[in-house]
Amino acid sequence: MKYRELILEQFKNSPFFDKKEVCLISKQYFIKEATIDAHISRSLARKDIIQLKKDFPHIPIPDPTE
């Protein structure tokens with residue numbers, strides 16, 4: 001499985017996420033930040049993910065398994 005697929009799989013159940021969260025997950029796989037930037041750009045171009053407005057409020061959603 002490709003790194004992009006691994007990372008996106010982590011966020012499959014999340015309604016939204018930000019770059020900080022992606023970078024935290026990517027550190028587990030020892031992926032460089034430049035690689036993450038490239039994957040985000042490609043995923044946006046392919047419409048695998050969509051970009052929200054910059055002033056969109058980031059409200060953490062509680063994990064139901066906790």
# chains A, B, ... in the order shown; residues from 1 in each chain; ligands from 1

call {"tool": "residues_around", "arguments": {"residues": "Tyr3 of chain A", "least_positions_apart": "3", "cutoff": "12 Å", "atoms": "only C-alpha atoms", "output": "JSON, numbers by chain"}}
result
{"A": [6, 7, 8, 9, 10, 22, 25, 26, 27, 28, 29, 30, 31, 32, 35, 36, 38, 39, 40]}

call {"tool": "select_by_dssp", "arguments": {"residues": "segment 5-63 of chain A", "states": "alpha helix (DSSP H)", "output": "ChimeraX atom specification"}}
result
/A:5-10,19-28,33-46
